[in-house]
>>> print(open('data_26.csv').read())   # CSV, C-alpha atoms and all ligand atoms
chain,number,residue,atom,x,y,z
A,1,MET,CA,-14.1,21.7,-1.1
A,2,GLN,CA,-14.9,18.7,0.9
A,3,PHE,CA,-17.6,16.2,0.5
A,4,HIS,CA,-18.4,14.5,3.7
A,5,ASN,CA,-21.9,13.5,3.0
A,6,ALA,CA,-22.9,12.5,6.4
A,7,ASP,CA,-22.1,16.0,7.8
A,8,LEU,CA,-23.9,17.7,5.1
A,9,ILE,CA,-27.2,15.9,4.8
A,10,THR,CA,-30.1,16.6,7.1
A,11,ILE,CA,-33.4,14.8,7.0
A,12,ASP,CA,-35.7,17.7,7.5
A,13,PRO,CA,-39.0,16.5,8.9
A,14,VAL,CA,-40.7,19.8,8.1
A,15,ILE,CA,-43.3,19.1,5.5
A,16,ARG,CA,-46.7,18.3,6.8
A,17,PRO,CA,-48.9,19.8,4.2
A,18,SER,CA,-52.6,19.9,4.0
A,19,PHE,CA,-53.1,16.2,4.2
A,20,SER,CA,-51.8,15.7,7.7
A,21,HIS,CA,-55.3,14.8,8.8
A,22,ARG,CA,-54.9,11.4,7.2
A,23,ASN,CA,-51.7,11.0,9.1
A,24,ILE,CA,-49.4,11.0,6.1
A,25,THR,CA,-46.1,12.5,6.8
A,26,ALA,CA,-43.6,13.7,4.2
A,27,PHE,CA,-39.9,14.0,5.0
A,28,THR,CA,-37.4,15.7,2.9
A,29,LEU,CA,-33.8,14.6,2.2
A,30,ARG,CA,-32.1,17.9,1.7
A,31,LEU,CA,-29.5,17.1,-0.9
A,32,ASP,CA,-29.6,20.7,-1.9
A,33,LYS,CA,-27.7,21.4,1.3
A,34,CYS,CA,-24.7,19.3,0.3
A,35,HIS,CA,-22.8,22.0,-1.4
A,36,PRO,CA,-23.9,25.4,-2.8
A,37,VAL,CA,-22.7,24.6,-6.3
A,38,VAL,CA,-22.2,20.8,-6.6
A,39,SER,CA,-25.7,20.7,-5.3
A,40,GLY,CA,-28.2,18.0,-5.0
A,41,ASN,CA,-27.8,14.7,-6.7
A,42,LYS,CA,-24.9,15.9,-9.0
A,43,TRP,CA,-22.0,15.1,-6.7
A,44,PHE,CA,-23.4,11.6,-6.0
A,45,LYS,CA,-23.6,10.9,-9.8
A,46,LEU,CA,-20.2,12.4,-10.5
A,47,GLN,CA,-18.1,10.8,-7.7
A,48,PHE,CA,-17.1,7.5,-9.4
A,49,TYR,CA,-16.5,9.2,-12.8
A,50,LEU,CA,-14.1,11.6,-11.2
A,51,GLU,CA,-12.5,8.9,-9.2
A,52,GLU,CA,-11.9,6.8,-12.4
A,53,ALA,CA,-10.5,9.8,-14.2
A,54,LYS,CA,-8.1,10.5,-11.3
A,55,LYS,CA,-7.0,6.9,-11.2
A,56,GLY,CA,-6.4,6.8,-14.9
A,57,ASN,CA,-4.3,9.9,-14.6
A,58,LYS,CA,-6.7,11.9,-16.9
A,59,LYS,CA,-6.2,15.6,-16.8
A,60,THR,CA,-9.2,16.9,-18.6
A,61,ILE,CA,-12.8,16.1,-18.2
A,62,ALA,CA,-15.4,17.0,-20.8
A,63,THR,CA,-19.1,16.9,-20.4
A,64,PHE,CA,-22.3,18.3,-21.9
A,65,GLY,CA,-25.3,20.4,-20.9
A,66,GLY,CA,-27.6,23.3,-21.8
A,67,PRO,CA,-27.1,26.9,-20.7
A,68,TRP,CA,-28.9,26.3,-17.4
A,69,SER,CA,-27.5,22.9,-16.7
A,70,ASN,CA,-27.0,21.9,-13.0
A,71,HIS,CA,-24.7,19.1,-14.2
A,72,LEU,CA,-22.4,21.4,-16.2
A,73,VAL,CA,-21.7,23.8,-13.3
A,74,ALA,CA,-21.4,21.0,-10.8
A,75,THR,CA,-18.9,19.3,-13.0
A,76,ALA,CA,-16.9,22.5,-13.4
A,77,ALA,CA,-16.8,23.1,-9.6
A,78,ALA,CA,-16.0,19.5,-8.7
A,79,CYS,CA,-13.2,19.3,-11.3
A,80,ASN,CA,-11.8,22.6,-10.1
A,81,SER,CA,-11.6,21.4,-6.5
A,82,LEU,CA,-9.9,18.1,-7.6
A,83,GLY,CA,-7.3,19.9,-9.8
A,84,LEU,CA,-8.8,18.6,-13.1
A,85,GLN,CA,-9.3,20.7,-16.2
A,86,SER,CA,-12.8,20.8,-17.6
A,87,ILE,CA,-14.5,21.4,-20.9
A,88,GLY,CA,-18.2,22.1,-21.1
A,89,TYR,CA,-19.9,21.5,-24.4
A,90,VAL,CA,-23.0,23.7,-24.4
A,91,ARG,CA,-26.1,23.1,-26.4
A,92,GLY,CA,-26.8,25.9,-28.9
A,93,GLU,CA,-25.0,28.9,-30.3
A,94,LYS,CA,-23.0,31.1,-28.0
A,95,PRO,CA,-25.4,33.8,-26.6
A,96,LYS,CA,-24.4,37.5,-26.4
A,97,GLN,CA,-24.8,37.3,-22.7
A,98,LEU,CA,-23.8,34.1,-20.8
A,99,SER,CA,-26.3,32.7,-18.3
A,100,PRO,CA,-25.4,32.9,-14.6
A,101,THR,CA,-24.9,29.1,-14.9
A,102,LEU,CA,-22.3,29.4,-17.6
A,103,LEU,CA,-20.6,32.4,-16.0
A,104,ALA,CA,-20.3,30.3,-12.8
A,105,ALA,CA,-18.9,27.3,-14.8
A,106,THR,CA,-16.3,29.7,-16.4
A,107,SER,CA,-15.3,31.0,-13.0
A,108,TYR,CA,-14.4,27.4,-12.1
A,109,GLY,CA,-12.1,27.3,-15.1
A,110,MET,CA,-14.4,25.4,-17.4
A,111,ASN,CA,-13.6,25.9,-21.0
A,112,LEU,CA,-16.9,26.4,-22.8
A,113,GLN,CA,-17.5,25.2,-26.3
A,114,PHE,CA,-20.8,26.0,-28.0
A,115,LEU,CA,-22.3,23.4,-30.3
A,116,SER,CA,-25.2,23.8,-32.7
A,117,ARG,CA,-28.2,21.7,-31.6
A,118,ALA,CA,-27.6,19.2,-34.3
A,119,CYS,CA,-23.9,18.9,-33.5
A,120,TYR,CA,-24.7,18.7,-29.8
A,121,ALA,CA,-27.1,15.8,-30.3
A,122,ALA,CA,-24.6,13.9,-32.4
A,123,GLU,CA,-21.7,14.5,-29.9
A,124,LYS,CA,-23.3,14.3,-26.5
A,125,ASN,CA,-22.6,10.6,-25.9
A,126,ASN,CA,-19.5,10.2,-28.0
A,127,PRO,CA,-16.9,8.7,-25.8
A,128,THR,CA,-14.1,9.3,-28.3
A,129,ASN,CA,-14.2,13.0,-28.3
A,130,PRO,CA,-10.8,14.2,-29.6
A,131,LEU,CA,-10.4,17.3,-27.5
A,132,THR,CA,-10.3,15.6,-24.2
A,133,ASN,CA,-9.3,12.4,-22.5
A,134,TYR,CA,-12.3,11.7,-20.3
A,135,VAL,CA,-15.9,12.2,-21.2
A,136,ILE,CA,-18.9,12.2,-18.9
A,137,ALA,CA,-22.2,11.9,-20.7
A,138,GLU,CA,-24.9,14.6,-20.4
A,139,GLY,CA,-26.4,14.6,-16.9
A,140,GLY,CA,-23.8,12.0,-15.7
A,141,PHE,CA,-25.9,9.3,-17.4
A,142,GLY,CA,-24.1,5.9,-17.3
A,143,GLU,CA,-23.3,3.0,-15.0
A,144,LEU,CA,-20.9,4.9,-12.8
A,145,GLY,CA,-23.5,7.6,-12.4
A,146,VAL,CA,-26.0,4.9,-11.3
A,147,LYS,CA,-23.4,3.5,-8.8
A,148,GLY,CA,-22.9,7.0,-7.4
A,149,ALA,CA,-26.6,7.7,-7.2
A,150,ALA,CA,-27.1,4.5,-5.3
A,151,THR,CA,-25.0,5.9,-2.4
A,152,ILE,CA,-27.8,8.5,-1.8
A,153,ALA,CA,-29.6,5.6,-0.2
A,154,ASN,CA,-26.9,5.3,2.5
A,155,LEU,CA,-28.1,8.6,3.9
A,156,PHE,CA,-31.4,7.1,5.3
A,157,ASN,CA,-32.9,3.9,6.5
A,158,GLU,CA,-35.5,2.7,4.1
A,159,LYS,CA,-37.4,1.0,6.9
A,160,ASP,CA,-38.3,4.4,8.2
A,161,PHE,CA,-40.4,5.1,5.1
A,162,THR,CA,-43.2,3.6,3.0
A,163,HIS,CA,-42.4,5.5,-0.2
A,164,VAL,CA,-39.4,7.3,-1.7
A,165,LEU,CA,-40.2,10.0,-4.3
A,166,ALA,CA,-37.7,11.6,-6.6
A,167,ALA,CA,-37.6,13.8,-9.7
A,168,VAL,CA,-36.3,12.2,-12.9
A,169,GLY,CA,-34.3,13.7,-15.7
A,170,SER,CA,-31.9,11.3,-17.4
A,171,GLY,CA,-33.1,8.5,-15.0
A,172,THR,CA,-29.6,8.0,-13.5
A,173,MET,CA,-30.6,9.0,-10.0
A,174,ILE,CA,-33.8,6.9,-9.8
A,175,ALA,CA,-31.9,3.9,-11.3
A,176,GLY,CA,-29.3,4.2,-8.5
A,177,LEU,CA,-32.1,4.4,-5.9
A,178,ALA,CA,-33.8,1.4,-7.5
A,179,GLN,CA,-30.6,-0.7,-7.1
A,180,ALA,CA,-30.1,0.3,-3.5
A,181,LEU,CA,-33.7,0.2,-2.1
A,182,HIS,CA,-35.4,-3.1,-1.8
A,183,GLN,CA,-38.6,-2.7,0.2
A,184,VAL,CA,-39.9,0.8,0.0
A,185,SER,CA,-42.1,1.9,-3.0
A,186,LEU,CA,-40.1,4.0,-5.3
A,187,ILE,CA,-41.9,6.7,-7.3
A,188,GLY,CA,-40.3,8.7,-10.1
A,189,ILE,CA,-41.7,12.0,-11.4
A,190,PRO,CA,-40.2,12.7,-14.9
A,191,ALA,CA,-39.4,16.3,-15.8
A,192,LEU,CA,-39.6,15.4,-19.5
A,193,LYS,CA,-42.4,13.9,-21.5
A,194,GLY,CA,-41.8,10.4,-23.0
A,195,LYS,CA,-41.9,7.6,-20.5
A,196,GLU,CA,-41.0,4.9,-23.1
A,197,ALA,CA,-37.8,6.6,-24.1
A,198,LEU,CA,-36.9,7.1,-20.5
A,199,GLU,CA,-37.5,3.5,-19.5
A,200,LYS,CA,-35.5,2.3,-22.4
A,201,ALA,CA,-32.6,4.6,-21.5
A,202,ILE,CA,-32.7,3.4,-17.9
A,203,LYS,CA,-32.6,-0.2,-19.0
A,204,LYS,CA,-29.3,0.4,-20.8
A,205,ILE,CA,-27.6,1.5,-17.6
A,206,ALA,CA,-29.4,-0.5,-15.0
A,207,PRO,CA,-31.3,-3.5,-16.5
A,208,HIS,CA,-33.7,-4.1,-13.6
A,209,ALA,CA,-34.2,-0.6,-12.2
A,210,ALA,CA,-37.3,0.2,-14.3
A,211,GLU,CA,-39.2,-2.7,-12.8
A,212,ARG,CA,-38.5,-1.4,-9.3
A,213,CYS,CA,-40.0,2.0,-9.7
A,214,THR,CA,-43.3,3.6,-10.8
A,215,MET,CA,-42.9,6.5,-13.2
A,216,LEU,CA,-45.8,8.8,-12.9
A,217,GLU,CA,-46.3,10.7,-16.1
A,218,GLY,CA,-48.3,13.9,-16.7
A,219,PHE,CA,-46.8,16.2,-14.2
A,220,GLU,CA,-44.4,18.0,-16.6
A,221,TRP,CA,-46.4,21.2,-16.6
A,222,GLY,CA,-46.1,21.5,-20.4
A,223,GLY,CA,-42.6,20.1,-20.7
A,224,PHE,CA,-39.0,20.3,-19.5
A,225,ALA,CA,-38.3,23.5,-17.5
A,226,LYS,CA,-41.7,24.9,-18.3
A,227,HIS,CA,-43.0,26.9,-15.3
A,228,PRO,CA,-46.4,28.5,-15.5
A,229,ALA,CA,-47.3,31.1,-13.0
A,230,GLU,CA,-49.3,28.5,-11.0
A,231,LEU,CA,-46.1,26.5,-10.4
A,232,LEU,CA,-44.2,29.6,-9.2
A,233,SER,CA,-47.0,30.5,-6.8
A,234,TYR,CA,-46.9,26.9,-5.5
A,235,MET,CA,-43.2,27.2,-4.9
A,236,ASN,CA,-43.7,30.5,-3.0
A,237,GLN,CA,-46.5,28.9,-0.9
A,238,LEU,CA,-44.4,25.9,-0.2
A,239,PHE,CA,-41.5,28.1,0.9
A,240,LYS,CA,-43.7,30.2,3.2
A,241,THR,CA,-45.1,27.1,4.9
A,242,THR,CA,-42.1,24.9,5.1
A,243,HIS,CA,-39.1,27.1,4.4
A,244,ILE,CA,-38.0,24.7,1.7
A,245,PRO,CA,-36.8,26.3,-1.5
A,246,THR,CA,-37.4,24.3,-4.7
A,247,ASP,CA,-36.4,24.7,-8.4
A,248,ILE,CA,-38.7,25.1,-11.3
A,249,VAL,CA,-37.4,22.2,-13.4
A,250,TYR,CA,-37.4,19.2,-10.9
A,251,THR,CA,-38.1,19.6,-7.3
A,252,ALA,CA,-41.1,22.0,-7.4
A,253,LYS,CA,-42.9,19.5,-9.6
A,254,LEU,CA,-41.9,16.7,-7.2
A,255,PHE,CA,-43.3,18.4,-4.1
A,256,TYR,CA,-46.5,19.4,-6.0
A,257,VAL,CA,-47.1,15.8,-7.1
A,258,ALA,CA,-46.6,14.4,-3.6
A,259,GLU,CA,-49.2,16.8,-2.2
A,260,GLN,CA,-51.6,16.0,-5.1
A,261,LEU,CA,-51.3,12.3,-4.7
A,262,ALA,CA,-51.8,12.5,-0.9
A,263,ALA,CA,-54.9,14.7,-1.4
A,264,ASN,CA,-56.3,12.2,-3.9
A,265,ASN,CA,-55.9,9.3,-1.5
A,266,TYR,CA,-53.0,7.7,-3.4
A,267,PHE,CA,-51.2,6.8,-0.2
A,268,LYS,CA,-52.6,4.7,2.6
A,269,GLU,CA,-53.1,6.3,6.0
A,270,ASN,CA,-50.0,6.5,8.1
A,271,SER,CA,-47.7,6.5,5.0
A,272,ARG,CA,-44.3,8.0,5.6
A,273,LEU,CA,-42.9,9.6,2.4
A,274,LEU,CA,-39.3,10.6,1.8
A,275,LEU,CA,-39.0,13.2,-0.9
A,276,ILE,CA,-35.5,13.5,-2.3
A,277,HIS,CA,-34.7,17.2,-2.6
A,278,SER,CA,-32.2,16.8,-5.5
A,279,GLY,CA,-31.0,20.4,-5.5
A,280,GLY,CA,-30.9,22.4,-8.7
A,281,LEU,CA,-31.7,25.8,-7.2
A,282,GLN,CA,-29.2,27.6,-9.3
A,283,GLY,CA,-31.4,27.0,-12.3
A,284,ASN,CA,-34.0,29.4,-10.8
A,285,GLN,CA,-31.7,32.2,-11.9
A,286,SER,CA,-33.5,32.1,-15.3
A,287,LEU,CA,-36.4,33.7,-13.5
A,288,LYS,CA,-37.0,37.3,-12.5
A,289,LYS,CA,-36.2,38.2,-8.9
A,290,GLU,CA,-39.8,39.1,-8.1
A,291,ASP,CA,-41.1,35.7,-9.3
A,292,LEU,CA,-40.0,34.0,-6.0
A,293,CYS,CA,-40.1,34.9,-2.4
A,294,PHE,CA,-36.7,33.3,-1.8
A,295,PRO,CA,-33.3,34.0,-3.4
A,296,LEU,CA,-33.1,32.8,-7.0
A,297,ALA,CA,-29.6,31.2,-6.4
A,298,GLY,CA,-30.8,29.3,-3.4
A,299,LEU,CA,-30.5,30.0,0.3
B,1,LIG,C1,-30.2,16.6,-12.6
B,1,LIG,C2,-31.3,16.7,-11.7
B,1,LIG,C3,-32.3,15.7,-11.5
B,1,LIG,C4,-32.4,14.5,-12.5
B,1,LIG,O1,-31.5,13.5,-12.2
B,1,LIG,P1,-31.3,12.3,-13.2
B,1,LIG,O2,-30.3,11.5,-12.6
B,1,LIG,O3,-30.8,13.0,-14.5
B,1,LIG,O4,-32.6,11.7,-13.5
B,1,LIG,C5,-33.3,15.9,-10.6
B,1,LIG,N1,-33.3,16.9,-9.8
B,1,LIG,C6,-32.4,17.9,-9.9
B,1,LIG,C7,-32.5,19.1,-9.1
B,1,LIG,C8,-31.4,17.8,-10.9
B,1,LIG,O5,-30.5,18.8,-11.0
>>> encode(input="data_26.csv", output="structure tokens")
Amino acid sequence: MQFHNADLITIDPVIRPSFSHRNITAFTLRLDKCHPVVSGNKWFKLQFYLEEAKKGNKKTIATFGGPWSNHLVATAAACNSLGLQSIGYVRGEKPKQLSPTLLAATSYGMNLQFLSRACYAAEKNNPTNPLTNYVIAEGGFGELGVKGAATIANLFNEKDFTHVLAAVGSGTMIAGLAQALHQVSLIGIPALKGKEALEKAIKKIAPHAAERCTMLEGFEWGGFAKHPAELLSYMNQLFKTTHIPTDIVYTAKLFYVAEQLAANNYFKENSRLLLIHSGGLQGNQSLKKEDLCFPLAGL
């Protein structure tokens, strides 16, 4: 597996949704095209952790995630390609049937350990985990994750855009973008409720990042990973008109918000938006095949 970012990223100027009459153009940075498994922002966030582990001659990497975690499977695949062992601590009891995400992680040699929710919460940021010698926090959260995410900004010229919009989970990606971008307006769309906790967390890993970006609350569709039928039909309609596949947790909500904001005159005329397609398509495998008009595991 190779990660030559420049070869893999295309800026796909294909979204011109209903609001093109006001001359607002939305471009998409297709990080989902980076790699089929280490998709989206995850490679960017992982790169400096893995480099540090390699340099320190660490052999085993442990990290944390839920049964549908993009981060967990990305870590498994990246470790596999770099000749590192990996341990995945999974939130919740071991299910009878492993999710496609966990099966994929296993296929990359990840050793899965299931933790009760209480135990998981206590352990997920514990850097002195006895079973391993290098721990990456849930979601790649941390300063090296921020440093890695900042390299996403090398893939475009911020002068070409008025706004950059990105989905937010742990806040690591948006913190990296905030460090790297100086002029453009940066908008974060949280996938979880609780803006205060999020901004507090971001402050810990990137003290000035929160001031650089506007977090728009209220677009969680009921909460993390909730996906009412209306969201699914939006994803299908978006795919039919733009051929862009999105995921239920992060990117569908991002695209939806961008269109809503434009329709409600949030952006000035002639604005040029860059939407970061941060990947995560594998998570759609929690759906039924007939829910989406594109393959659940991505294109
Ligand atoms: C992990 C993930 C995010 C959130 O990134 P954070 O750095 O945790 O904020 C956004 N989009 C997708 C598709 C992801 O998988």
>>> closest_residue(input="data_26.csv", among="A:Ala262, A:Leu299, A:Thr25, A:Lys58", to="His243 (chain A)", atoms="all atoms listed in the file")
A:Leu299
>>> residues_around(input="data_26.csv", residues="Tyr256 (chain A)", least_positions_apart="3", cutoff="9 Å", atoms="all atoms listed in the file", output="VMD selection string")
chain A and resid 219 231 234 to 235 238 251 to 253 259 to 261
>>> atom_distance(input="data_26.csv", atom1="CA of Thr162 (chain A)", atom2="CA of Ser278 (chain A)")
19.2 Å
>>> closest_residue(input="data_26.csv", among="A:Ala197, A:Ala297, A:Leu232, A:Ala137", to="Leu72 (chain A)", atoms="all atoms listed in the file")
A:Ala137
>>> residues_near_ligand(input="data_26.csv", ligand="ligand LIG 1 (chain B)", cutoff="6 Å", atoms="all atoms listed in the file", output="list of chain:residue names")
A:Asn70, A:Gly139, A:Ala167, A:Val168, A:Gly169, A:Ser170, A:Gly171, A:Thr172, A:Met173, A:Tyr250, A:Thr251, A:Ser278, A:Gly279, A:Gly280
>>> write_last_selection(input="data_26.csv", atoms="C-alpha atoms", output="tab-separated table (two decimals), keeping the file's coordinate frame")
chain	number	residue	atom	x	y	z
A	70	ASN	CA	-27.00	21.90	-13.00
A	139	GLY	CA	-26.40	14.60	-16.90
A	167	ALA	CA	-37.60	13.80	-9.70
A	168	VAL	CA	-36.30	12.20	-12.90
A	169	GLY	CA	-34.30	13.70	-15.70
A	170	SER	CA	-31.90	11.30	-17.40
A	171	GLY	CA	-33.10	8.50	-15.00
A	172	THR	CA	-29.60	8.00	-13.50
A	173	MET	CA	-30.60	9.00	-10.00
A	250	TYR	CA	-37.40	19.20	-10.90
A	251	THR	CA	-38.10	19.60	-7.30
A	278	SER	CA	-32.20	16.80	-5.50
A	279	GLY	CA	-31.00	20.40	-5.50
A	280	GLY	CA	-30.90	22.40	-8.70
>>> atom_distance(input="data_26.csv", atom1="CA of Arg272 (chain A)", atom2="CA of Gly223 (chain A)")
29.0 Å
>>> atom_distance(input="data_26.csv", atom1="CA of Glu93 (chain A)", atom2="CA of Gln113 (chain A)")
9.3 Å
>>> residues_around(input="data_26.csv", residues="Gln237 (chain A)", least_positions_apart="4", cutoff="12 Å", atoms="only C-alpha atoms", output="list in words")
Pro17, Ser18, Glu230, Leu231, Leu232, Ser233, Thr241, Thr242, His243, Ile244, Pro245, Thr246, Ala252, Phe255, Tyr256, Leu292, Cys293 and Phe294 of chain A
>>> residues_around(input="data_26.csv", residues="Leu31 (chain A)", least_positions_apart="3", cutoff="8 Å", atoms="only C-alpha atoms", output="PyMOL selection string")
chain A and resi 9+34+39-41+276-279
>>> write_last_selection(input="data_26.csv", atoms="C-alpha atoms", output="PDB file, in the frame of the given file")
ATOM      1  CA  ILE A   9     -27.200  15.900   4.800  1.00  0.00           C
ATOM      2  CA  CYS A  34     -24.700  19.300   0.300  1.00  0.00           C
ATOM      3  CA  SER A  39     -25.700  20.700  -5.300  1.00  0.00           C
ATOM      4  CA  GLY A  40     -28.200  18.000  -5.000  1.00  0.00           C
ATOM      5  CA  ASN A  41     -27.800  14.700  -6.700  1.00  0.00           C
ATOM      6  CA  ILE A 276     -35.500  13.500  -2.300  1.00  0.00           C
ATOM      7  CA  HIS A 277     -34.700  17.200  -2.600  1.00  0.00           C
ATOM      8  CA  SER A 278     -32.200  16.800  -5.500  1.00  0.00           C
ATOM      9  CA  GLY A 279     -31.000  20.400  -5.500  1.00  0.00           C
TER      10      GLY A 279
END
>>> closest_residue(input="data_26.csv", among="A:Val257, A:Gln97, A:Val37, A:Val90", to="Ala76 (chain A)", atoms="only C-alpha atoms")
A:Val37
>>> closest_residue(input="data_26.csv", among="A:Gly194, A:Gly109, A:Gly92, A:Gly298", to="Phe239 (chain A)", atoms="all atoms listed in the file")
A:Gly298
